[in-house]
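Peer 1: Next up, coords.cif (mmCIF, C-alpha atoms).
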data_target
#
loop_
_atom_site.label_atom_id
_atom_site.label_comp_id
_atom_site.auth_asym_id
_atom_site.auth_seq_id
_atom_site.Cartn_x
_atom_site.Cartn_y
_atom_site.Cartn_z
CA MET G 22 -13.54 -11.78 -4.99
CA SER G 23 -11.98 -10.00 -2.03
CA LEU G 24 -9.09 -12.48 -2.30
CA GLN G 25 -8.33 -11.48 -5.91
CA GLY G 26 -8.85 -7.80 -5.14
CA LEU G 27 -6.46 -7.71 -2.22
CA TYR G 28 -3.88 -9.89 -3.95
CA TRP G 29 -3.64 -7.57 -6.95
CA MET G 30 -3.39 -4.56 -4.65
CA LEU G 31 -0.55 -6.38 -2.91
CA PHE G 32 0.99 -7.07 -6.32
CA CYS G 33 0.66 -3.37 -7.21
CA VAL G 34 2.76 -2.46 -4.18
CA SER G 35 5.53 -4.96 -4.95
CA SER G 36 5.64 -4.75 -8.75
CA GLY G 37 3.84 -1.64 -9.97
CA PHE G 38 6.25 0.84 -8.39
CA ILE G 39 9.58 -1.01 -8.61
CA SER G 40 11.30 1.65 -10.69
CA LEU G 41 9.90 4.53 -8.68
CA TYR G 42 11.04 3.09 -5.35
CA LEU G 43 14.45 1.85 -6.47
CA GLN G 44 15.17 5.00 -8.48
CA GLY G 45 14.26 7.01 -5.38
CA ARG G 46 16.74 4.93 -3.39
CA GLY G 47 19.47 5.91 -5.86
CA LEU G 48 19.74 2.84 -8.13
CA SER G 49 20.60 3.14 -11.81
CA ASN G 50 18.43 1.54 -14.47
CA GLY G 51 20.91 -1.33 -14.70
CA GLY G 52 20.82 -1.77 -10.94
CA ILE G 53 17.00 -1.81 -10.95
CA GLY G 54 17.07 -4.54 -13.60
CA THR G 55 19.63 -6.58 -11.67
CA VAL G 56 17.74 -6.46 -8.38
CA THR G 57 14.44 -7.32 -10.03
CA ALA G 58 16.08 -10.15 -11.96
CA ILE G 59 17.71 -11.77 -8.92
CA PHE G 60 14.54 -11.87 -6.86
CA GLY G 61 12.39 -12.70 -9.85
CA ILE G 62 14.57 -15.76 -10.55
CA LEU G 63 14.19 -16.86 -6.94
CA ALA G 64 10.40 -16.51 -7.24
CA ALA G 65 10.40 -18.48 -10.50
CA LEU G 66 12.36 -21.28 -8.83
CA MET G 67 10.17 -21.34 -5.73
CA GLN G 68 6.80 -21.39 -7.50
CA PRO G 69 6.92 -24.87 -9.09
CA VAL G 70 8.66 -26.34 -6.03
CA LEU G 71 6.01 -25.06 -3.62
CA GLY G 72 3.29 -25.93 -6.14
CA GLY G 73 4.56 -29.51 -6.33
CA ILE G 74 4.63 -29.76 -2.53
CA THR G 75 1.05 -28.52 -2.36
CA ASP G 76 -0.15 -31.02 -5.00
CA ARG G 77 1.56 -33.99 -3.33
CA SER G 78 0.95 -33.17 0.33
CA ASN G 79 -2.20 -33.40 2.46
CA ARG G 80 -0.63 -31.05 4.99
CA PHE G 81 -0.16 -27.98 2.78
CA THR G 82 -2.97 -26.21 0.92
CA TRP G 83 -3.14 -23.04 -1.19
CA ARG G 84 -4.35 -21.28 1.98
CA SER G 85 -1.47 -22.31 4.23
CA MET G 86 1.07 -21.47 1.52
CA ALA G 87 -0.47 -18.03 0.93
CA LEU G 88 -0.33 -17.25 4.66
CA MET G 89 3.27 -18.48 4.98
CA LEU G 90 4.29 -16.03 2.24
CA ALA G 91 2.10 -13.07 3.22
CA ILE G 92 3.21 -12.81 6.84
CA PRO G 93 6.89 -12.05 6.02
CA TYR G 94 5.62 -9.63 3.34
CA LEU G 95 3.87 -7.70 6.13
CA VAL G 96 6.98 -7.71 8.34
CA ILE G 97 9.14 -6.36 5.50
CA CYS G 98 6.68 -3.56 4.72
CA ILE G 99 6.78 -2.48 8.36
CA ILE G 100 10.59 -2.47 8.43
CA MET G 101 11.32 -0.80 5.09
CA PRO G 102 10.59 2.87 5.95
CA PHE G 103 13.08 2.71 8.84
CA ILE G 104 15.96 1.13 6.90
CA PRO G 105 18.34 3.63 5.24
CA GLY G 106 20.69 2.95 2.34
CA THR G 107 20.46 2.26 -1.36
CA TRP G 108 21.20 -1.46 -1.46
CA THR G 109 19.43 -2.26 1.80
CA GLY G 110 16.26 -0.71 0.42
CA ALA G 111 16.79 -2.55 -2.85
CA ILE G 112 17.10 -5.92 -1.09
CA PHE G 113 13.92 -5.39 0.91
CA MET G 114 12.02 -4.31 -2.21
CA GLY G 115 13.40 -7.39 -3.94
CA LEU G 116 12.00 -9.56 -1.14
CA LEU G 117 8.56 -8.01 -1.69
CA ILE G 118 8.84 -8.88 -5.38
CA LEU G 119 9.85 -12.44 -4.44
CA LEU G 120 6.98 -12.96 -2.01
CA GLY G 121 4.35 -11.16 -4.07
CA ASN G 122 5.09 -13.21 -7.18
CA THR G 123 5.35 -16.51 -5.31
CA ILE G 124 1.85 -16.10 -3.85
CA MET G 125 0.25 -15.88 -7.33
CA PRO G 126 -0.20 -19.60 -8.22
CA PHE G 127 -1.87 -20.30 -4.89
CA ILE G 128 -4.45 -17.55 -5.51
CA ASN G 129 -5.23 -19.11 -8.90
CA SER G 130 -5.33 -22.58 -7.36
CA ALA G 131 -7.92 -21.39 -4.84
CA HIS G 132 -10.36 -20.91 -7.73
CA PHE G 133 -9.71 -24.47 -8.91
CA TYR G 134 -10.12 -26.10 -5.50
CA TYR G 135 -13.30 -24.22 -4.53
CA THR G 136 -14.84 -24.95 -7.94
CA HIS G 137 -14.20 -28.66 -7.54
CA ALA G 138 -15.62 -28.49 -4.01
CA GLY G 139 -18.93 -27.35 -5.53
CA GLU G 140 -18.66 -23.56 -5.20
CA TYR G 141 -19.51 -21.40 -8.22
CA ILE G 142 -16.87 -18.74 -8.80
CA ASN G 143 -16.85 -16.36 -11.77
CA PHE G 144 -13.09 -16.04 -12.15
CA GLY G 145 -13.33 -13.24 -14.71
CA VAL G 146 -15.42 -11.01 -12.43
CA ALA G 147 -13.16 -11.75 -9.46
CA ARG G 148 -10.07 -10.96 -11.51
CA GLY G 149 -11.76 -7.83 -12.85
CA ILE G 150 -12.31 -6.59 -9.31
CA GLY G 151 -8.60 -7.22 -8.77
CA SER G 152 -7.77 -4.97 -11.71
CA GLY G 153 -10.13 -2.27 -10.47
CA LEU G 154 -8.57 -2.19 -7.02
CA TYR G 155 -5.08 -2.30 -8.57
CA ALA G 156 -6.05 0.81 -10.55
CA LEU G 157 -7.36 2.60 -7.48
CA LEU G 158 -4.26 1.82 -5.44
CA ALA G 159 -1.95 2.83 -8.31
CA LEU G 160 -3.58 6.27 -8.36
CA VAL G 161 -3.33 6.62 -4.59
CA ILE G 162 0.31 5.49 -4.36
CA GLY G 163 1.31 7.64 -7.34
CA PHE G 164 -0.22 10.72 -5.70
CA LEU G 165 1.16 9.97 -2.21
CA ALA G 166 4.65 9.21 -3.51
CA GLU G 167 4.74 12.46 -5.47
CA LYS G 168 3.65 14.43 -2.39
CA TYR G 169 5.27 12.58 0.53
CA GLY G 170 8.03 10.45 -0.97
CA ILE G 171 8.75 6.89 -2.03
CA GLU G 172 8.29 5.33 1.43
CA MET G 173 4.56 5.62 0.77
CA VAL G 174 5.00 2.46 -1.30
CA PRO G 175 5.79 0.05 1.59
CA ILE G 176 3.56 2.02 4.00
CA SER G 177 0.63 1.40 1.65
CA GLY G 178 1.61 -2.27 1.58
CA ILE G 179 1.20 -2.62 5.36
CA LEU G 180 -2.56 -2.07 5.27
CA ILE G 181 -3.09 -4.09 2.09
CA VAL G 182 -1.21 -7.22 3.16
CA PHE G 183 -2.76 -7.08 6.66
CA LEU G 184 -6.24 -7.18 5.11
CA PHE G 185 -5.09 -9.92 2.72
CA ILE G 186 -3.92 -12.08 5.64
CA LEU G 187 -7.26 -11.58 7.44
CA VAL G 188 -9.26 -12.58 4.37
CA VAL G 189 -7.15 -15.69 3.66
CA PHE G 190 -7.26 -16.72 7.33
CA ARG G 191 -11.06 -16.46 7.42
CA MET G 192 -11.67 -18.35 4.18
CA PRO G 193 -12.83 -21.98 4.50
CA ASN G 194 -10.04 -24.44 3.91
CA ALA G 195 -11.32 -26.37 0.89
CA ASN G 196 -10.33 -30.00 1.21
CA LYS G 197 -8.35 -31.62 -1.56
CA VAL G 198 -11.22 -33.26 -3.39
CA ILE G 199 -9.15 -34.22 -6.43
CA GLU G 200 -8.88 -37.93 -6.90
CA GLN G 201 -5.37 -39.03 -7.64
CA ALA G 202 -5.49 -40.96 -10.89
CA PRO G 203 -3.11 -43.92 -11.16
CA ARG G 204 -0.02 -42.98 -13.12
CA ASP G 205 1.08 -45.26 -15.92
CA LYS G 206 4.54 -45.34 -17.46
CA THR G 207 3.68 -42.45 -19.79
CA LEU G 208 2.83 -40.30 -16.82
CA GLN G 209 6.18 -41.00 -15.20
CA LYS G 210 7.85 -38.70 -17.73
CA GLY G 211 8.77 -35.21 -16.62
CA PHE G 212 5.98 -32.66 -16.33
CA LEU G 213 7.07 -30.58 -19.34
CA LEU G 214 7.46 -33.65 -21.59
CA ARG G 215 4.00 -34.90 -20.65
CA TYR G 216 2.37 -31.68 -21.89
CA PRO G 217 4.11 -30.59 -25.14
CA ALA G 218 1.51 -28.02 -26.26
CA PHE G 219 1.42 -26.57 -22.75
CA THR G 220 5.22 -26.38 -22.70
CA LEU G 221 5.27 -24.44 -25.97
CA MET G 222 2.66 -22.08 -24.56
CA LEU G 223 4.87 -21.63 -21.50
CA LEU G 224 7.62 -20.41 -23.85
CA ALA G 225 5.12 -18.06 -25.46
CA THR G 226 4.13 -16.85 -21.98
CA LEU G 227 7.78 -16.26 -21.14
CA LEU G 228 8.17 -13.97 -24.16
CA MET G 229 4.81 -12.25 -23.71
CA LEU G 230 5.62 -11.41 -20.12
CA THR G 231 9.17 -10.37 -21.00
CA ALA G 232 7.75 -7.79 -23.41
CA HIS G 233 5.11 -6.80 -20.85
CA SER G 234 7.73 -6.49 -18.09
CA ILE G 235 10.00 -4.26 -20.14
CA LEU G 236 7.14 -1.82 -20.58
CA ASN G 237 5.80 -2.06 -17.02
CA THR G 238 9.10 -2.02 -15.14
CA TYR G 239 10.41 0.96 -17.08
CA LEU G 240 7.11 2.75 -17.59
CA LEU G 241 8.36 5.54 -15.31
CA GLN G 242 11.44 6.01 -17.50
CA ILE G 243 9.31 5.88 -20.66
CA ILE G 244 7.02 8.55 -19.22
CA GLN G 245 9.98 10.63 -18.05
CA SER G 246 11.47 10.42 -21.57
CA VAL G 247 8.42 12.28 -22.88
CA GLY G 248 8.27 14.78 -20.01
CA GLY G 249 6.12 13.00 -17.40
CA ASN G 250 6.47 12.28 -13.65
CA SER G 251 5.46 9.78 -10.95
CA SER G 252 1.93 11.14 -10.67
CA GLN G 253 1.43 10.47 -14.37
CA LEU G 254 2.91 7.00 -13.82
CA GLY G 255 0.08 6.36 -11.36
CA ILE G 256 -2.47 7.56 -13.92
CA ALA G 257 -0.99 5.35 -16.64
CA LEU G 258 -1.01 2.29 -14.35
CA ALA G 259 -4.58 3.07 -13.31
CA ILE G 260 -5.77 3.33 -16.93
CA GLN G 261 -4.04 0.05 -17.70
CA ALA G 262 -5.83 -1.70 -14.84
CA VAL G 263 -9.25 -0.10 -15.39
CA VAL G 264 -9.46 -1.08 -19.06
CA GLU G 265 -8.87 -4.71 -18.07
CA MET G 266 -12.13 -4.76 -16.12
CA PRO G 267 -14.71 -4.91 -18.97
CA VAL G 268 -12.87 -7.83 -20.59
CA LEU G 269 -12.54 -9.69 -17.31
CA PHE G 270 -16.17 -9.11 -16.35
CA VAL G 271 -17.39 -10.69 -19.61
CA PHE G 272 -14.72 -13.37 -19.74
CA SER G 273 -17.18 -16.11 -18.74
CA ARG G 274 -18.94 -15.41 -22.06
CA LEU G 275 -15.71 -15.24 -24.02
CA ILE G 276 -14.56 -18.63 -22.75
CA LYS G 277 -17.84 -20.15 -23.95
CA ARG G 278 -17.34 -18.78 -27.47
CA PHE G 279 -13.60 -19.27 -27.89
CA ARG G 280 -11.21 -21.99 -26.85
CA SER G 281 -8.75 -20.99 -24.16
CA LYS G 282 -5.82 -21.70 -26.51
CA THR G 283 -7.33 -19.33 -29.10
CA LEU G 284 -7.65 -16.63 -26.46
CA MET G 285 -4.00 -17.17 -25.51
CA LEU G 286 -3.03 -16.58 -29.15
CA ILE G 287 -5.14 -13.41 -29.23
CA ALA G 288 -3.42 -12.22 -26.05
CA ALA G 289 0.03 -12.86 -27.56
CA THR G 290 -0.95 -10.76 -30.58
CA GLY G 291 -2.20 -8.04 -28.24
CA PHE G 292 1.14 -7.90 -26.42
CA ALA G 293 2.93 -7.52 -29.77
CA PHE G 294 0.57 -4.72 -30.84
CA LYS G 295 1.11 -2.89 -27.56
CA ALA G 296 4.89 -3.21 -27.88
CA LEU G 297 4.73 -1.74 -31.38
CA MET G 298 2.59 1.19 -30.25
CA TYR G 299 5.02 1.97 -27.42
CA ALA G 300 7.89 2.02 -29.92
CA LEU G 301 5.95 4.69 -31.85
CA SER G 302 4.85 6.73 -28.81
CA GLY G 303 5.94 10.34 -28.42
CA SER G 304 3.93 11.90 -25.57
CA VAL G 305 2.32 11.13 -22.21
CA SER G 306 -1.11 11.51 -23.80
CA MET G 307 -0.24 8.90 -26.41
CA ILE G 308 0.95 6.55 -23.67
CA TYR G 309 -2.40 6.96 -21.94
CA VAL G 310 -4.14 5.94 -25.18
CA ILE G 311 -1.80 2.97 -25.72
CA GLN G 312 -2.73 1.64 -22.28
CA PHE G 313 -6.12 0.69 -23.76
CA ALA G 314 -4.30 -2.09 -25.65
CA GLN G 315 -4.21 -3.82 -22.26
CA MET G 316 -7.77 -4.96 -23.08
CA PHE G 317 -6.47 -7.24 -25.82
CA SER G 318 -3.26 -8.39 -24.14
CA TYR G 319 -2.92 -8.85 -20.39
CA ALA G 320 -6.67 -8.62 -19.70
CA ILE G 321 -7.30 -11.68 -21.86
CA PHE G 322 -4.13 -13.44 -20.73
CA ALA G 323 -4.96 -13.01 -17.02
CA SER G 324 -8.01 -15.27 -17.16
CA ALA G 325 -7.30 -17.32 -20.29
CA SER G 326 -4.02 -18.59 -18.87
CA VAL G 327 -5.74 -20.00 -15.78
CA TYR G 328 -8.45 -21.72 -17.84
CA TYR G 329 -5.87 -22.91 -20.37
CA THR G 330 -3.77 -24.52 -17.64
CA SER G 331 -6.78 -26.20 -16.02
CA GLU G 332 -7.79 -27.67 -19.41
CA MET G 333 -4.35 -28.75 -20.62
CA VAL G 334 -3.00 -30.22 -17.37
CA SER G 335 -4.31 -33.29 -15.55
CA LYS G 336 -6.25 -32.78 -12.34
CA GLU G 337 -3.53 -34.18 -10.10
CA ASP G 338 -1.02 -31.71 -11.58
CA GLN G 339 -3.15 -28.55 -11.31
CA THR G 340 -1.16 -26.60 -8.72
CA THR G 341 2.09 -27.63 -10.41
CA GLY G 342 0.71 -26.43 -13.75
CA GLN G 343 -0.39 -23.11 -12.29
CA ALA G 344 3.01 -22.81 -10.61
CA TYR G 345 4.84 -23.41 -13.90
CA LEU G 346 2.66 -20.75 -15.52
CA ALA G 347 3.41 -18.29 -12.72
CA SER G 348 7.07 -19.29 -12.91
CA MET G 349 7.26 -18.38 -16.60
CA MET G 350 5.56 -15.09 -15.80
CA GLY G 351 8.20 -14.55 -13.14
CA VAL G 352 11.07 -15.45 -15.47
CA GLY G 353 9.56 -13.13 -18.08
CA ALA G 354 9.52 -10.35 -15.51
CA VAL G 355 13.16 -11.13 -14.72
CA LEU G 356 14.28 -11.09 -18.35
CA GLY G 357 12.27 -7.96 -19.04
CA SER G 358 13.58 -6.01 -16.09
CA LEU G 359 17.18 -7.16 -16.53
CA SER G 360 17.42 -6.77 -20.30
CA GLY G 361 15.39 -3.56 -20.29
CA GLY G 362 17.58 -1.95 -17.65
CA TRP G 363 20.82 -2.73 -19.45
CA MET G 364 19.42 -1.75 -22.84
CA LEU G 365 18.49 1.61 -21.36
CA GLU G 366 21.96 1.98 -19.87
CA LEU G 367 23.86 0.95 -22.99
CA SER G 368 21.68 1.86 -25.97
CA GLY G 369 18.83 4.10 -24.87
CA MET G 370 15.05 4.14 -24.96
CA ASN G 371 14.51 3.71 -28.72
CA THR G 372 16.63 0.54 -28.86
CA MET G 373 14.86 -0.97 -25.86
CA LEU G 374 11.40 -0.35 -27.31
CA SER G 375 12.40 -1.64 -30.76
CA ILE G 376 13.89 -4.88 -29.45
CA ASN G 377 10.78 -5.31 -27.31
CA VAL G 378 8.67 -5.49 -30.47
CA VAL G 379 10.82 -8.37 -31.75
CA ILE G 380 10.50 -10.25 -28.43
CA ALA G 381 6.71 -9.93 -28.51
CA LEU G 382 6.49 -11.11 -32.12
CA VAL G 383 8.53 -14.24 -31.34
CA GLY G 384 6.05 -14.87 -28.51
CA VAL G 385 3.23 -14.80 -31.05
CA GLY G 386 5.14 -17.40 -33.08
CA PHE G 387 5.43 -19.82 -30.14
CA ALA G 388 1.76 -19.34 -29.24
CA LEU G 389 0.76 -20.15 -32.81
CA ILE G 390 2.91 -23.30 -32.84
CA SER G 391 1.41 -24.36 -29.49
CA VAL G 392 -2.13 -23.94 -30.77
CA LYS G 393 -1.28 -26.16 -33.75
CA THR G 394 0.44 -28.81 -31.63
CA LYS G 395 -1.58 -31.93 -30.76
CA ARG G 396 -1.21 -33.32 -27.27
CA LEU G 397 0.64 -36.64 -27.19
CA PHE G 398 -2.04 -38.18 -25.04
CA GLN G 399 -5.38 -37.23 -23.53
CA ASN G 400 -4.73 -35.39 -20.28
CA THR G 401 -8.27 -35.11 -18.94
#
Re-express the file's structure as structure tokens.

Peer 2:
Amino acid sequence: MSLQGLYWMLFCVSSGFISLYLQGRGLSNGGIGTVTAIFGILAALMQPVLGGITDRSNRFTWRSMALMLAIPYLVICIIMPFIPGTWTGAIFMGLLILLGNTIMPFINSAHFYYTHAGEYINFGVARGIGSGLYALLALVIGFLAEKYGIEMVPISGILIVFLFILVVFRMPNANKVIEQAPRDKTLQKGFLLRYPAFTLMLLATLLMLTAHSILNTYLLQIIQSVGGNSSQLGIALAIQAVVEMPVLFVFSRLIKRFRSKTLMLIAATGFAFKALMYALSGSVSMIYVIQFAQMFSYAIFASASVYYTSEMVSKEDQTTGQAYLASMMGVGAVLGSLSGGWMLELSGMNTMLSINVVIALVGVGFALISVKTKRLFQNT
């Protein structure tokens, strides 16, 4: 549970305050989108590669990979407050985005490996604690940044990632207990071809997270457009994280009543509803209310996606599957930040929010097709 909590605090530092930090360094909205896109693409490329290495190697585990990525994250946080310049600051923030996102599949894989080693882990409760600590840190960073400046973002990251490294280092190194099933000719096909329904859901995930990223990356600008500031950004992020907690805490019951693929479809619909509400928003107070839609979108997606992957992908491909999922989330973040930034630059807030609704609705369509698609062979 401490692992999930500290990871999502780490993620808050690298992804929750992108716009605030880069805007404070002097970047335009288009520049913010470009920086986020470049490093998000790199993360999306690295995730399945490192996931595949972890699945196929006895030398590397989720734990060693997480440590290899967290240590440079700590070094960068220490350096950032002392490095002047717009683009230098942007590059270092981009590296935090890269490292923070690349760690994600290994945190999810830890749940899988410890479960198969005989440990009971309530993923929903653990993930809910992550959301709660994300909310707390968002409030703290929002307040500190408003009072002392944007360098409070990386300074906060120093303590968080240091604690994260300590926790990961002290955790038992679960052995790879997964038996490698013999692969027949069917299994020699590429990963995405072997799992057609999963691949379609990856496309849905890409669109869901694109819509989510547009709103999250430019939440500061959305709040500023209705008269808000960075302190209110912290409040909005905190509300968003807090309302995830009840859903995550009861997720073990939800997964017993609903199939994971059904929950993924519900989440896709929730993202579309949230996008529509943002397009209709007109005040900071209304944005606060809209954040409650997180209960039916990302809160469900956060756990359902992990269960969905573990059910739809064969045991020997688990880390690769989680990495592909995280990769699509990363690509979605890239597309959202890049397209959102340029839409703001060229067409304004209303156009960005309207197009975002369309993106989310197409995501619902792919999720629906995936749910209706039969797997070509039995994966488990």

Peer 1: Find the residues around Leu24 of chain G up to 10 Å (all atoms listed in the file counted), leave out those fewer than 4 positions away in its own chain, and share them as JSON, numbers by chain.

Peer 2: {"G": [28, 29, 128, 131, 147, 148, 150, 151, 184, 185, 186, 187, 188, 189, 192]}

Peer 1: So that I can check the surroundings of Ile235 of chain G, please list as a list in words every protein, DNA and RNA residue that reaches within 9 Å of it, counting only C-alpha atoms and ignoring chain neighbours fewer than 4 positions away.

Peer 2: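 Neighbouring residues, sequence-local ones excluded: Leu230, Thr231, Tyr239, Leu240, Ala354, Leu356, Gly357, Ser358, Leu359, Ser360, Gly361, Gly362, Met373, Leu374 and Asn377 of chain G.
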
Peer 1: Please report the interatomic distance between atom CA of Leu160 of chain G and atom CA of Gln315 of chain G in Å with one decimal.

Peer 2: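 Here the two named atoms are 17.2 Å from each other.
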
Peer 1: Neighbouring residues of Gln253 of chain G were defined as those with any atom within 12 Å, considering only C-alpha atoms; residues of the same chain fewer than 6 positions away were excluded. Please report them as an MDAnalysis selection string.

Peer 2: chainID G and resid 41 159:164 166:167 240:245 247 259:260 304:306 308:309

Peer 1: Please report the interatomic distance between atom CA of Thr283 of chain G and atom CA of Gly61 of chain G in Å with one decimal.

Peer 2: 28.3 Å

Peer 1: Set out as a tab-separated table a contact list for segment 124-154 of chain G and segment 322-332 of chain G with a cut-off of 10 Å, giving each residue of segment 124-154 of chain G that qualifies its closest atom pair and distance in Å to one decimal, counting all atoms listed in the file, ordered by chain and rising residue number.

Peer 2:
residue	atom	partner	partner_atom	distance
G:Pro126	CA	G:Val327	CA	9.4
G:Asn129	CA	G:Val327	CA	7.0
G:Ser130	CA	G:Val327	CA	8.8
G:His132	CA	G:Val327	CA	9.3
G:Phe133	CA	G:Ser331	CA	7.9
G:Phe144	CA	G:Ser324	CA	7.2
G:Gly145	CA	G:Ser324	CA	6.2
G:Val146	CA	G:Ser324	CA	9.8
G:Ala147	CA	G:Ser324	CA	9.9
G:Arg148	CA	G:Ser324	CA	7.4
G:Gly149	CA	G:Ser324	CA	9.4

Peer 1: Export C-alpha atoms of the chosen residues as a PDB file, keeping the file's coordinate frame?

Peer 2:
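Written output follows (out21.pdb):
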ATOM      1  CA  PRO G 126      -0.200 -19.600  -8.220  1.00  0.00           C
ATOM      2  CA  ASN G 129      -5.230 -19.110  -8.900  1.00  0.00           C
ATOM      3  CA  SER G 130      -5.330 -22.580  -7.360  1.00  0.00           C
ATOM      4  CA  HIS G 132     -10.360 -20.910  -7.730  1.00  0.00           C
ATOM      5  CA  PHE G 133      -9.710 -24.470  -8.910  1.00  0.00           C
ATOM      6  CA  PHE G 144     -13.090 -16.040 -12.150  1.00  0.00           C
ATOM      7  CA  GLY G 145     -13.330 -13.240 -14.710  1.00  0.00           C
ATOM      8  CA  VAL G 146     -15.420 -11.010 -12.430  1.00  0.00           C
ATOM      9  CA  ALA G 147     -13.160 -11.750  -9.460  1.00  0.00           C
ATOM     10  CA  ARG G 148     -10.070 -10.960 -11.510  1.00  0.00           C
ATOM     11  CA  GLY G 149     -11.760  -7.830 -12.850  1.00  0.00           C
TER      12      GLY G 149
END

Peer 1: Could you tell me how far atom CA of Ala300 of chain G lies from atom CA of Phe313 of chain G, in Å and to one decimal?

Peer 2: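 Computed distance, atom CA of Ala300 of chain G to atom CA of Phe313 of chain G, equals 15.4 Å.
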
Peer 1: Rebuild segment 389-395 of chain G to all heavy atoms - output it as a PDB file, keeping the file's coordinate frame, please.

Peer 2:
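What ended up in selection-v6.pdb:
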ATOM      1  N   LEU G 389       1.375 -19.563 -31.616  1.00  0.00           N
ATOM      2  CA  LEU G 389       0.760 -20.150 -32.810  1.00  0.00           C
ATOM      3  C   LEU G 389       1.166 -21.615 -32.965  1.00  0.00           C
ATOM      4  O   LEU G 389       0.325 -22.478 -33.265  1.00  0.00           O
ATOM      5  CB  LEU G 389       1.177 -19.348 -34.052  1.00  0.00           C
ATOM      6  CG  LEU G 389       0.578 -19.798 -35.386  1.00  0.00           C
ATOM      7  CD1 LEU G 389      -0.948 -19.713 -35.344  1.00  0.00           C
ATOM      8  CD2 LEU G 389       1.128 -18.944 -36.527  1.00  0.00           C
ATOM      9  N   ILE G 390       2.448 -21.921 -32.755  1.00  0.00           N
ATOM     10  CA  ILE G 390       2.910 -23.300 -32.840  1.00  0.00           C
ATOM     11  C   ILE G 390       2.226 -24.168 -31.789  1.00  0.00           C
ATOM     12  O   ILE G 390       1.812 -25.304 -32.054  1.00  0.00           O
ATOM     13  CB  ILE G 390       4.451 -23.377 -32.678  1.00  0.00           C
ATOM     14  CG1 ILE G 390       5.147 -22.642 -33.829  1.00  0.00           C
ATOM     15  CG2 ILE G 390       4.915 -24.827 -32.614  1.00  0.00           C
ATOM     16  CD1 ILE G 390       6.632 -22.465 -33.625  1.00  0.00           C
ATOM     17  N   SER G 391       2.072 -23.623 -30.570  1.00  0.00           N
ATOM     18  CA  SER G 391       1.410 -24.360 -29.490  1.00  0.00           C
ATOM     19  C   SER G 391      -0.027 -24.694 -29.846  1.00  0.00           C
ATOM     20  O   SER G 391      -0.490 -25.818 -29.628  1.00  0.00           O
ATOM     21  CB  SER G 391       1.448 -23.537 -28.202  1.00  0.00           C
ATOM     22  OG  SER G 391       0.672 -24.147 -27.196  1.00  0.00           O
ATOM     23  N   VAL G 392      -0.735 -23.727 -30.399  1.00  0.00           N
ATOM     24  CA  VAL G 392      -2.130 -23.940 -30.770  1.00  0.00           C
ATOM     25  C   VAL G 392      -2.255 -25.048 -31.817  1.00  0.00           C
ATOM     26  O   VAL G 392      -3.222 -25.817 -31.825  1.00  0.00           O
ATOM     27  CB  VAL G 392      -2.750 -22.627 -31.294  1.00  0.00           C
ATOM     28  CG1 VAL G 392      -4.086 -22.874 -31.979  1.00  0.00           C
ATOM     29  CG2 VAL G 392      -2.922 -21.642 -30.139  1.00  0.00           C
ATOM     30  N   LYS G 393      -1.250 -25.159 -32.686  1.00  0.00           N
ATOM     31  CA  LYS G 393      -1.280 -26.160 -33.750  1.00  0.00           C
ATOM     32  C   LYS G 393      -0.730 -27.518 -33.308  1.00  0.00           C
ATOM     33  O   LYS G 393      -0.792 -28.493 -34.051  1.00  0.00           O
ATOM     34  CB  LYS G 393      -0.456 -25.665 -34.950  1.00  0.00           C
ATOM     35  CG  LYS G 393      -0.977 -24.373 -35.571  1.00  0.00           C
ATOM     36  CD  LYS G 393      -2.365 -24.561 -36.161  1.00  0.00           C
ATOM     37  CE  LYS G 393      -2.845 -23.272 -36.828  1.00  0.00           C
ATOM     38  NZ  LYS G 393      -4.206 -23.429 -37.389  1.00  0.00           N
ATOM     39  N   THR G 394      -0.171 -27.580 -32.101  1.00  0.00           N
ATOM     40  CA  THR G 394       0.440 -28.810 -31.630  1.00  0.00           C
ATOM     41  C   THR G 394      -0.597 -29.709 -30.959  1.00  0.00           C
ATOM     42  O   THR G 394      -1.317 -29.275 -30.067  1.00  0.00           O
ATOM     43  CB  THR G 394       1.568 -28.512 -30.613  1.00  0.00           C
ATOM     44  OG1 THR G 394       2.581 -27.754 -31.266  1.00  0.00           O
ATOM     45  CG2 THR G 394       2.175 -29.812 -30.078  1.00  0.00           C
ATOM     46  N   LYS G 395      -0.662 -30.973 -31.383  1.00  0.00           N
ATOM     47  CA  LYS G 395      -1.580 -31.930 -30.760  1.00  0.00           C
ATOM     48  C   LYS G 395      -0.919 -32.501 -29.508  1.00  0.00           C
ATOM     49  O   LYS G 395       0.267 -32.772 -29.479  1.00  0.00           O
ATOM     50  CB  LYS G 395      -1.903 -33.062 -31.734  1.00  0.00           C
ATOM     51  CG  LYS G 395      -2.707 -32.624 -32.945  1.00  0.00           C
ATOM     52  CD  LYS G 395      -3.024 -33.818 -33.820  1.00  0.00           C
ATOM     53  CE  LYS G 395      -3.865 -33.386 -35.033  1.00  0.00           C
ATOM     54  NZ  LYS G 395      -4.188 -34.535 -35.905  1.00  0.00           N
TER      55      LYS G 395
END
